[in-house]
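Dropping my_file.pdb in here (PDB, C-alpha atoms):
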```pdb
ATOM      1  CA  MET Q  24       4.079   1.248  12.275  1.00  0.00           C
ATOM      2  CA  LEU Q  25       2.564  -2.051  13.375  1.00  0.00           C
ATOM      3  CA  ILE Q  26       2.705  -4.809  10.778  1.00  0.00           C
ATOM      4  CA  ARG Q  27       1.011  -8.172  11.132  1.00  0.00           C
ATOM      5  CA  LEU Q  28       1.449 -10.969   8.642  1.00  0.00           C
ATOM      6  CA  ASP Q  29      -0.683 -14.104   8.570  1.00  0.00           C
ATOM      7  CA  PRO Q  30       1.114 -17.053   6.964  1.00  0.00           C
ATOM      8  CA  THR Q  31      -2.170 -19.026   6.913  1.00  0.00           C
ATOM      9  CA  ARG Q  32      -3.790 -16.600   4.442  1.00  0.00           C
ATOM     10  CA  ALA Q  33      -3.736 -17.360   0.733  1.00  0.00           C
ATOM     11  CA  THR Q  34      -2.262 -13.899   0.077  1.00  0.00           C
ATOM     12  CA  PRO Q  35       1.545 -14.087  -0.275  1.00  0.00           C
ATOM     13  CA  LEU Q  36       3.515 -12.586   2.602  1.00  0.00           C
ATOM     14  CA  PHE Q  37       5.137  -9.934   0.382  1.00  0.00           C
ATOM     15  CA  ASP Q  38       1.644  -8.781  -0.702  1.00  0.00           C
ATOM     16  CA  GLN Q  39       0.491  -8.621   2.912  1.00  0.00           C
ATOM     17  CA  LEU Q  40       3.556  -6.588   3.826  1.00  0.00           C
ATOM     18  CA  ALA Q  41       3.177  -4.224   0.859  1.00  0.00           C
ATOM     19  CA  SER Q  42      -0.483  -3.744   1.759  1.00  0.00           C
ATOM     20  CA  ALA Q  43       0.347  -2.907   5.377  1.00  0.00           C
ATOM     21  CA  VAL Q  44       2.977  -0.337   4.403  1.00  0.00           C
ATOM     22  CA  ARG Q  45       0.724   1.082   1.661  1.00  0.00           C
ATOM     23  CA  SER Q  46      -2.067   1.575   4.204  1.00  0.00           C
ATOM     24  CA  ALA Q  47       0.309   3.303   6.616  1.00  0.00           C
ATOM     25  CA  ILE Q  48       1.387   5.708   3.860  1.00  0.00           C
ATOM     26  CA  ILE Q  49      -2.160   6.452   2.696  1.00  0.00           C
ATOM     27  CA  ASP Q  50      -3.432   6.884   6.270  1.00  0.00           C
ATOM     28  CA  GLY Q  51      -0.558   9.254   7.025  1.00  0.00           C
ATOM     29  CA  ARG Q  52       0.954   7.052   9.743  1.00  0.00           C
ATOM     30  CA  VAL Q  53       4.216   7.348   7.817  1.00  0.00           C
ATOM     31  CA  ILE Q  54       4.913  10.539   5.905  1.00  0.00           C
ATOM     32  CA  GLY Q  55       6.859  11.639   2.885  1.00  0.00           C
ATOM     33  CA  GLY Q  56      10.590  11.575   3.485  1.00  0.00           C
ATOM     34  CA  GLU Q  57      10.326   9.115   6.359  1.00  0.00           C
ATOM     35  CA  ARG Q  58      12.762   6.212   6.214  1.00  0.00           C
ATOM     36  CA  LEU Q  59      11.300   2.716   6.389  1.00  0.00           C
ATOM     37  CA  PRO Q  60      13.048  -0.020   8.365  1.00  0.00           C
ATOM     38  CA  ALA Q  61      15.993  -1.691   6.657  1.00  0.00           C
ATOM     39  CA  ALA Q  62      14.903  -4.857   4.844  1.00  0.00           C
ATOM     40  CA  ARG Q  63      17.107  -7.058   7.010  1.00  0.00           C
ATOM     41  CA  ASP Q  64      15.800  -5.530  10.264  1.00  0.00           C
ATOM     42  CA  LEU Q  65      12.165  -5.694   9.184  1.00  0.00           C
ATOM     43  CA  ALA Q  66      12.538  -9.289   7.992  1.00  0.00           C
ATOM     44  CA  GLU Q  67      14.049 -10.273  11.321  1.00  0.00           C
ATOM     45  CA  SER Q  68      11.326  -8.566  13.355  1.00  0.00           C
ATOM     46  CA  LEU Q  69       8.563 -10.186  11.255  1.00  0.00           C
ATOM     47  CA  GLY Q  70      10.230 -13.589  11.084  1.00  0.00           C
ATOM     48  CA  VAL Q  71      10.339 -13.671   7.282  1.00  0.00           C
ATOM     49  CA  ASN Q  72      13.029 -13.924   4.644  1.00  0.00           C
ATOM     50  CA  MET Q  73      14.739 -10.650   3.701  1.00  0.00           C
ATOM     51  CA  HIS Q  74      13.768 -11.244   0.053  1.00  0.00           C
ATOM     52  CA  THR Q  75      10.096 -11.136   1.096  1.00  0.00           C
ATOM     53  CA  VAL Q  76      10.636  -7.594   2.400  1.00  0.00           C
ATOM     54  CA  LEU Q  77      12.664  -6.601  -0.666  1.00  0.00           C
ATOM     55  CA  ARG Q  78       9.904  -7.866  -2.951  1.00  0.00           C
ATOM     56  CA  ALA Q  79       7.271  -5.880  -1.001  1.00  0.00           C
ATOM     57  CA  TYR Q  80       9.465  -2.778  -1.151  1.00  0.00           C
ATOM     58  CA  GLY Q  81       9.855  -3.340  -4.906  1.00  0.00           C
ATOM     59  CA  VAL Q  82       6.077  -3.396  -5.359  1.00  0.00           C
ATOM     60  CA  LEU Q  83       5.744  -0.145  -3.414  1.00  0.00           C
ATOM     61  CA  ARG Q  84       8.563   1.417  -5.454  1.00  0.00           C
ATOM     62  CA  ASP Q  85       6.800   0.426  -8.684  1.00  0.00           C
ATOM     63  CA  GLU Q  86       3.618   2.071  -7.357  1.00  0.00           C
ATOM     64  CA  GLY Q  87       5.563   5.275  -6.697  1.00  0.00           C
ATOM     65  CA  LEU Q  88       4.940   5.167  -2.960  1.00  0.00           C
ATOM     66  CA  ILE Q  89       8.548   4.686  -1.886  1.00  0.00           C
ATOM     67  CA  GLU Q  90      12.001   5.297  -3.276  1.00  0.00           C
ATOM     68  CA  LEU Q  91      14.812   2.792  -2.893  1.00  0.00           C
ATOM     69  CA  HIS Q  92      18.355   4.069  -2.534  1.00  0.00           C
ATOM     70  CA  ARG Q  93      21.418   1.848  -2.276  1.00  0.00           C
ATOM     71  CA  GLY Q  94      22.988   2.291   1.105  1.00  0.00           C
ATOM     72  CA  ARG Q  95      20.192   4.554   2.387  1.00  0.00           C
ATOM     73  CA  GLY Q  96      17.272   2.124   2.180  1.00  0.00           C
ATOM     74  CA  ALA Q  97      13.617   2.749   1.536  1.00  0.00           C
ATOM     75  CA  VAL Q  98      12.160   6.226   1.928  1.00  0.00           C
ATOM     76  CA  VAL Q  99       8.512   7.211   1.604  1.00  0.00           C
ATOM     77  CA  ALA Q 100       8.098   9.312  -1.538  1.00  0.00           C
ATOM     78  CA  VAL Q 101       7.444  12.963  -0.818  1.00  0.00           C
ATOM     79  CA  ARG Q 102       3.975  13.869  -1.976  1.00  0.00           C
ATOM     80  CA  ILE Q 103       2.203  17.181  -2.150  1.00  0.00           C
ATOM     81  CA  GLY Q 104      -0.987  16.979  -0.138  1.00  0.00           C
ATOM     82  CA  GLY Q 105      -2.202  13.956   1.734  1.00  0.00           C
ATOM     83  CA  HIS Q 106      -4.401  11.019   1.125  1.00  0.00           C
ATOM     84  CA  ALA Q 107      -6.545  11.497   4.234  1.00  0.00           C
ATOM     85  CA  ALA Q 108      -9.768  11.905   2.253  1.00  0.00           C
ATOM     86  CA  LEU Q 109      -8.984   8.831   0.188  1.00  0.00           C
ATOM     87  CA  ALA Q 110      -8.152   6.823   3.315  1.00  0.00           C
ATOM     88  CA  GLY Q 111     -11.431   7.895   4.906  1.00  0.00           C
ATOM     89  CA  ALA Q 112     -13.410   6.928   1.817  1.00  0.00           C
ATOM     90  CA  ILE Q 113     -11.674   3.564   1.675  1.00  0.00           C
ATOM     91  CA  HIS Q 114     -12.452   2.825   5.323  1.00  0.00           C
ATOM     92  CA  ASP Q 115     -16.091   3.853   4.774  1.00  0.00           C
ATOM     93  CA  LEU Q 116     -16.299   1.602   1.733  1.00  0.00           C
ATOM     94  CA  VAL Q 117     -14.832  -1.364   3.628  1.00  0.00           C
ATOM     95  CA  ASP Q 118     -17.226  -0.786   6.539  1.00  0.00           C
ATOM     96  CA  GLU Q 119     -20.183  -0.696   4.140  1.00  0.00           C
ATOM     97  CA  ALA Q 120     -19.032  -3.871   2.379  1.00  0.00           C
ATOM     98  CA  LYS Q 121     -18.681  -5.693   5.705  1.00  0.00           C
ATOM     99  CA  LEU Q 122     -22.118  -4.456   6.792  1.00  0.00           C
ATOM    100  CA  HIS Q 123     -23.572  -6.168   3.709  1.00  0.00           C
ATOM    101  CA  ASP Q 124     -21.385  -9.302   4.079  1.00  0.00           C
ATOM    102  CA  LEU Q 125     -19.640  -8.624   0.772  1.00  0.00           C
ATOM    103  CA  PRO Q 126     -16.535 -10.822   0.485  1.00  0.00           C
ATOM    104  CA  GLU Q 127     -13.172  -9.070   0.107  1.00  0.00           C
ATOM    105  CA  SER Q 128     -12.648 -10.566  -3.340  1.00  0.00           C
ATOM    106  CA  ALA Q 129     -15.994  -9.186  -4.550  1.00  0.00           C
ATOM    107  CA  LEU Q 130     -15.201  -5.733  -3.157  1.00  0.00           C
ATOM    108  CA  LEU Q 131     -11.795  -5.723  -4.854  1.00  0.00           C
ATOM    109  CA  ALA Q 132     -13.378  -6.805  -8.142  1.00  0.00           C
ATOM    110  CA  LEU Q 133     -15.930  -3.979  -7.907  1.00  0.00           C
ATOM    111  CA  ILE Q 134     -13.211  -1.435  -7.164  1.00  0.00           C
ATOM    112  CA  SER Q 135     -11.051  -2.665 -10.062  1.00  0.00           C
ATOM    113  CA  GLU Q 136     -13.977  -2.503 -12.463  1.00  0.00           C
ATOM    114  CA  ALA Q 137     -14.944   0.995 -11.316  1.00  0.00           C
ATOM    115  CA  TYR Q 138     -11.339   2.203 -11.536  1.00  0.00           C
ATOM    116  CA  ARG Q 139     -10.840   0.901 -15.066  1.00  0.00           C
ATOM    117  CA  GLY Q 140     -14.186   2.195 -16.296  1.00  0.00           C
ATOM    118  CA  SER Q 141     -14.162   5.661 -14.765  1.00  0.00           C
ATOM    119  CA  PRO Q 142     -13.479   8.367 -17.356  1.00  0.00           C
ATOM    120  CA  ALA Q 143     -14.038  11.031 -14.697  1.00  0.00           C
ATOM    121  CA  ALA Q 144     -11.029   9.852 -12.717  1.00  0.00           C
ATOM    122  CA  SER Q 145      -8.683  10.210 -15.679  1.00  0.00           C
ATOM    123  CA  GLY Q 146     -10.066  13.670 -16.378  1.00  0.00           C
ATOM    124  CA  VAL Q 147      -9.453  14.721 -12.795  1.00  0.00           C
ATOM    125  CA  LEU Q 148      -5.883  13.478 -12.934  1.00  0.00           C
ATOM    126  CA  ARG Q 149      -5.211  15.239 -16.233  1.00  0.00           C
ATOM    127  CA  SER Q 150      -6.539  18.550 -14.983  1.00  0.00           C
ATOM    128  CA  ALA Q 151      -4.600  18.241 -11.723  1.00  0.00           C
ATOM    129  CA  ARG Q 152      -1.354  17.778 -13.683  1.00  0.00           C
ATOM    130  CA  THR Q 153      -1.885  20.880 -15.788  1.00  0.00           C
ATOM    131  CA  ARG Q 154      -2.145  23.214 -12.826  1.00  0.00           C
TER
END
```
Please rewrite the model in this file as structure tokens.
Amino acid sequence: MLIRLDPTRATPLFDQLASAVRSAIIDGRVIGGERLPAARDLAESLGVNMHTVLRAYGVLRDEGLIELHRGRGAVVAVRIGGHAALAGAIHDLVDEAKLHDLPESALLALISEAYRGSPAASGVLRSARTR
């Protein structure tokens, strides 16, 4: 998994790191049950403070994407099915936004608004849980 952080961006480093790992999980580059690098090792390889990595891992844990175990580190949460279709749709959406010169912040605002206001999405999730 290749991770690049840009300290010149306004986005905090822990957010950049969480985003990179999140993308790798959604794209299937890392799979359920796979162990992520130890926080100390990853921090050293990226040239950041270990607490930056721990904070990113905490965000991913709170999102349910990874599990943190004392002594065993961070492990990608095992999920049934993949997110390949979602990853494809996301990449298509980003390509379309870039084609129309839509700034990242505007795209994220549109996605947030659509997510919060979509009753169909909650219905899909409810019916998927009852199966």
Expected selection from the PyMOL selection byres ((chain Q and resi 83-90) around 8), given as a PyMOL selection string: chain Q and resi 41+45+48+79-82+91-92+97-100
Based on the selection just made, write C-alpha atoms of those residues as a PDB file, in the frame of the given file.
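Saved file again15.pdb follows:
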```pdb
ATOM      1  CA  ALA Q  41       3.177  -4.224   0.859  1.00  0.00           C
ATOM      2  CA  ARG Q  45       0.724   1.082   1.661  1.00  0.00           C
ATOM      3  CA  ILE Q  48       1.387   5.708   3.860  1.00  0.00           C
ATOM      4  CA  ALA Q  79       7.271  -5.880  -1.001  1.00  0.00           C
ATOM      5  CA  TYR Q  80       9.465  -2.778  -1.151  1.00  0.00           C
ATOM      6  CA  GLY Q  81       9.855  -3.340  -4.906  1.00  0.00           C
ATOM      7  CA  VAL Q  82       6.077  -3.396  -5.359  1.00  0.00           C
ATOM      8  CA  LEU Q  91      14.812   2.792  -2.893  1.00  0.00           C
ATOM      9  CA  HIS Q  92      18.355   4.069  -2.534  1.00  0.00           C
ATOM     10  CA  ALA Q  97      13.617   2.749   1.536  1.00  0.00           C
ATOM     11  CA  VAL Q  98      12.160   6.226   1.928  1.00  0.00           C
ATOM     12  CA  VAL Q  99       8.512   7.211   1.604  1.00  0.00           C
ATOM     13  CA  ALA Q 100       8.098   9.312  -1.538  1.00  0.00           C
TER      14      ALA Q 100
END
```
Chain and number of each residue from the PyMOL selection byres ((chain Q and resi 58-66) around 8), as a PyMOL selection string: chain Q and resi 56-57+67-73+75-77+96-99
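The closest residue to Q:Ala129, picked from Q:Ala112, Q:Val117, Q:Ile54, Q:Ile49 and counting only C-alpha atoms, is Q:Val117.
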Separation of atom CA of Q:Glu119 from atom CA of Q:Ser42 in Å: 20.1 Å
Atom-to-atom span, atom CA of Q:Ser135 and atom CA of Q:Arg78, Å: 22.7 Å
Between atom CA of Q:His74 and atom CA of Q:Gln39, distance in Å (one decimal): 13.8 Å
Nearest residue to Q:Ser128 from the set Q:Leu25, Q:Ala33, Q:Ala47, Q:Gly55 (distances using only C-alpha atoms): Q:Ala33
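Candidate residues Q:Arg52, Q:Arg27, Q:Arg95, Q:His123 were compared for distance to Q:Ala110, and the nearest is Q:Arg52, using all atoms listed in the file.
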Once 8 Å is added on each side, what centre and edge lengths in Å to one decimal does the axis-aligned box around all listed atoms of stretch 61-76 of chain Q have, as AutoDock Vina command-line options?
```
--center_x 12.8 --center_y -7.8 --center_z 6.7 --size_x 24.5 --size_y 28.2 --size_z 29.3
```
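Distance annotation: of Q:Ala43, Q:Val53, Q:Leu133, Q:Met24, the residue with the minimal separation from Q:Leu116 is Q:Leu133; atom set is only C-alpha atoms.
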